[in-house]
Amino acid sequence: MNWSMISEILISAVRMATPLLFVALAELFSERAGLVNIGLDGLMSFGALVGFLVCYWTGNPFLGVLCGALGGVLVNMIYAFCTVTLGAQQIVYGMAINIFAPALASFIYRVVFGVSSTLAQATLMKTVAIPVLKDIPFIGKLLFDQTPMVYGVYLLVIVTAIYFNRTKSGLNYKAVGEYPKAAETMGINVVLHKYIACMICGFLAGMGGAYLTTCYVNTYSDGIVAGRGFIALAAVIFGRWSSSGVLIACLLFGFFDALQLRLQVGTDLIPYQLFQMIPYVMTLVALTIFGSRISGPKSNGKPYFREER
Amino acid sequence: MKHVFAKKALALLLVLCLAFGVLTACGAKEEETATAEKTYKIAMICDSSISDGGWGAACYNGMIGAAEVLGWETAYTDSIDQSAYADTMISYCDLGYDMIFAPGNQYSDAVVQVAADYPDVAFAVLNGSTDLPTDNIMSMLPNADQIGSIAGIIAGLMSESNVIGFIGGMELDTTKSKLAHFESAAQVINPDITAVSAYAGSFSDTAKGMELAASMINEGADVFFGDASAVDSGARQAIDQANGDTVTIIDIGQPSDLLGQNPCVACSVVTDNAGMLQICLEACEAGTFGNEVVYGSLENGCVYLGSFNDDLIDADTQAMIVEYVQQLQDGTFGN
């Protein structure tokens with residue numbers, strides 16, 4: 001284990017953590033408004049497809065990411081209408097999104113490209129190195145030689161932290177997830193906040209999906225999301241519903257995933273399944289150690305009926 | 001009381017209608033088969049996508065190819081989870097399909113289960129084991145040892161760093177033997193070669209393929225071979241990125257001829273699924289289906305060396321590869 005290997009693992013960890021971080025922040029915004037959305041995997045799949053298609057047709061990854069994000073919003077509006085307006089079970093509709101959206105994505109891909117053994121490949125977003133800073137040994141390449149999306153998501157972590165803890169609007173937003181009735185009596189429009197939360201959630205989750213196909217790999221295939229939505233869901237709980245916690249959770253998971261892939265290469269004595277367990281085992285261990293001293297938003301997962309007593 | 005009677009009468013009427021309908025439907029079907037010539041139907045199930053540009057696509061095209069020759073109708077269901085293998089096959093059996101094509105070892109258990117309940121439906125399993133066939137199951141077994149060896153021969157002649165990389169999807173028997181022969185064949189040609197290998201644990205997580213290939217490149221690997229569908233596409237992308245403008249790290253494609261898909265593809269090891277499947281279809285038409293393993297190998301032309309990338313492999317090396325592959329076919333390779 002030498003320096004170049006450690007730096008390689010860390011760079012790989014950042015790469016693998018970025019899509020998780022987008023989606024975990026999406027879930028954070030949703031749950032802070034009292035909406036548990038387990039449909040992240042579905043939103044990501046749809047975002048990944050839309051992002052890929054737009055990028056493939058226009059050759060512009062930025063437009064791809066934007067359209068992927070809007071695609072996520074569109075799909076999440078189904079969830080928003082059913083859970084907020086109709087007051088339906090959030091878990092059930094989240095699951096419905098998980099079944100519906102990937103199937104829709106796969107259908108559209110099939111319609112566009114048909115069945116051929118030639119692989120459609122799109123352009124990838126270029127990395128933008130920050131001058132001077134990128135030359136710092138070790139951390140230079142790690143932190144300052146990434147795609148604009150990576151810088152954006154870390155900026156978003158900071159903005160989210162400030163918004164939720166330092167602004168009046170952020171506190172209002174959190175009140176909706178804690179005690180919507182009290183919030184309503186204080187003049188906060190609960191239903192509007194919940195819809196906005198769903199838009200932000202769809203936007204960021206779609207963006208996380210589009211990141212996979214415009215910044216990470218240059219192809220789309222069914223199952224490309226590979227359960228990342230559920231990992232992000234765990235990251236929000238692990239991160240105690242705070243953006244800094246979510247950041248740490250995603251980086252940890254990315255790190256252990258990168259580590260397990262690296263350990264597999266060049267070791268053939270130990271069964272590879274043992275390495276593949278590492279990220280999941282570490283998540284379990286971390287959850288056990290940190291316990292659940294601080295629980296999430298109080299009215300998380302409960303439908304809100306304005307007229308109900 | 002009168003009301004109840006009316007309800008019962010209505011129910012009875014409905015039952016009669018239904019029974020009549022079923023009986024006439026049966027009659028109609030028998031008539032149809034007696035007059036018109038039977039059109040055979042084959043359905044394929046697949047856990048990856050048939051447009052994945054790799055394994056799924058090659059198998060689907062194999063089915064289409066074989067079905068076209070013999071005039072069969074085709075259908076498919078792809079991207080299904082393990083939990084849905086059996087249910088999907090049962091649906092096709094109930095729809096009256098004559099053959100189910102399961103393109104992989106991972107479907108074996110589900111096939112055995114369903115085949116026992118539908119003795120009149122034929123099941124063809126690609127990469128099925130030799131003890132799998134029964135009265136209505138046939139295995140198609142491309143020679144994984146030869147596939148691995150061919151890739152190993154290319155790697156042995158092409159590697160300059162003496163490190164070669166292999167990425168598997170899941171630890172299937174066929175994948176394990178491809179890896180073992182990939183390494184051993186390369187070592188026959190160049191004893192200093194070592195192989196690094198890893199499994200993605202998935203056939204669809206393209207990003208994992210990228211990360212694995214990047215790690216292996218860091219270990220010095222300069223020739224790659226894989227057995228993991230869409231994960232392989234990710235690996236090829238990582239190789240292309242590491243190469244930049246000049247190709248120094250190469251990839252060997254399979255199971256179809258992938259030349260031209262990525263700049264790093266130097267050659268492919270091609271499996272002719274259509275050829276093997278056609279043997280199964282013919283057996284089904286002739287009524288001799290079952291209890292048989294159809295082997296695909298260099299000898300019967302179902303496994304062969306794909307086209308060379310002339311920019312990456314020079315003519316002398318190409319000739320040597322062809323020579324070694326001929327030795328492999330003759331059974332004299334490595335003696």
# chains A, B, ... in the order shown; residues from 1 in each chain; ligands from 1
$ residues_around --residues "B:Ala84" --least-positions-apart "4" --cutoff "10 Å" --atoms "only C-alpha atoms" --output "number ranges by chain"
B: 45, 47, 79-80, 88-90, 110
$ residues_around --residues "stretch 160-172 of chain B" --least-positions-apart "4" --cutoff "8 Å" --atoms "only C-alpha atoms" --output "PyMOL selection string"
chain B and resi 105-106+155+176+179+192-203+209+212-213+216+219-229+231-232
$ interface_residues --of "chain B" --to "chain A" --cutoff "8 Å" --atoms "only C-alpha atoms" --output "number ranges by chain"
B: 48-54, 57-58, 61, 79, 196-201, 204-207, 210-212, 215-216, 230, 233-234, 237, 261
$ atom_distance --atom1 "atom CA of B:Tyr85" --atom2 "atom CA of B:Ala115"
12.4 Å
$ residues_around --residues "stretch 313-318 of chain B" --least-positions-apart "2" --cutoff "12 Å" --atoms "only C-alpha atoms" --output "PyMOL selection string"
chain B and resi 153-159+247-252+264-267+305-311+320-325
$ closest_residue --among "A:Thr214, A:Gln146, A:Ser242, A:Thr185" --to "A:Gly51" --atoms "only C-alpha atoms"
A:Thr214
$ atom_distance --atom1 "atom CA of B:Thr271" --atom2 "atom CA of B:Val188"
23.3 Å
$ residues_around --residues "stretch 31-35 of chain A" --least-positions-apart "4" --cutoff "10 Å" --atoms "only C-alpha atoms" --output "ChimeraX atom specification"
/A:25-27,79-80,83-84,90-91,94,164,170,172-180,190-191,193-198,201,236,241-242,296-304
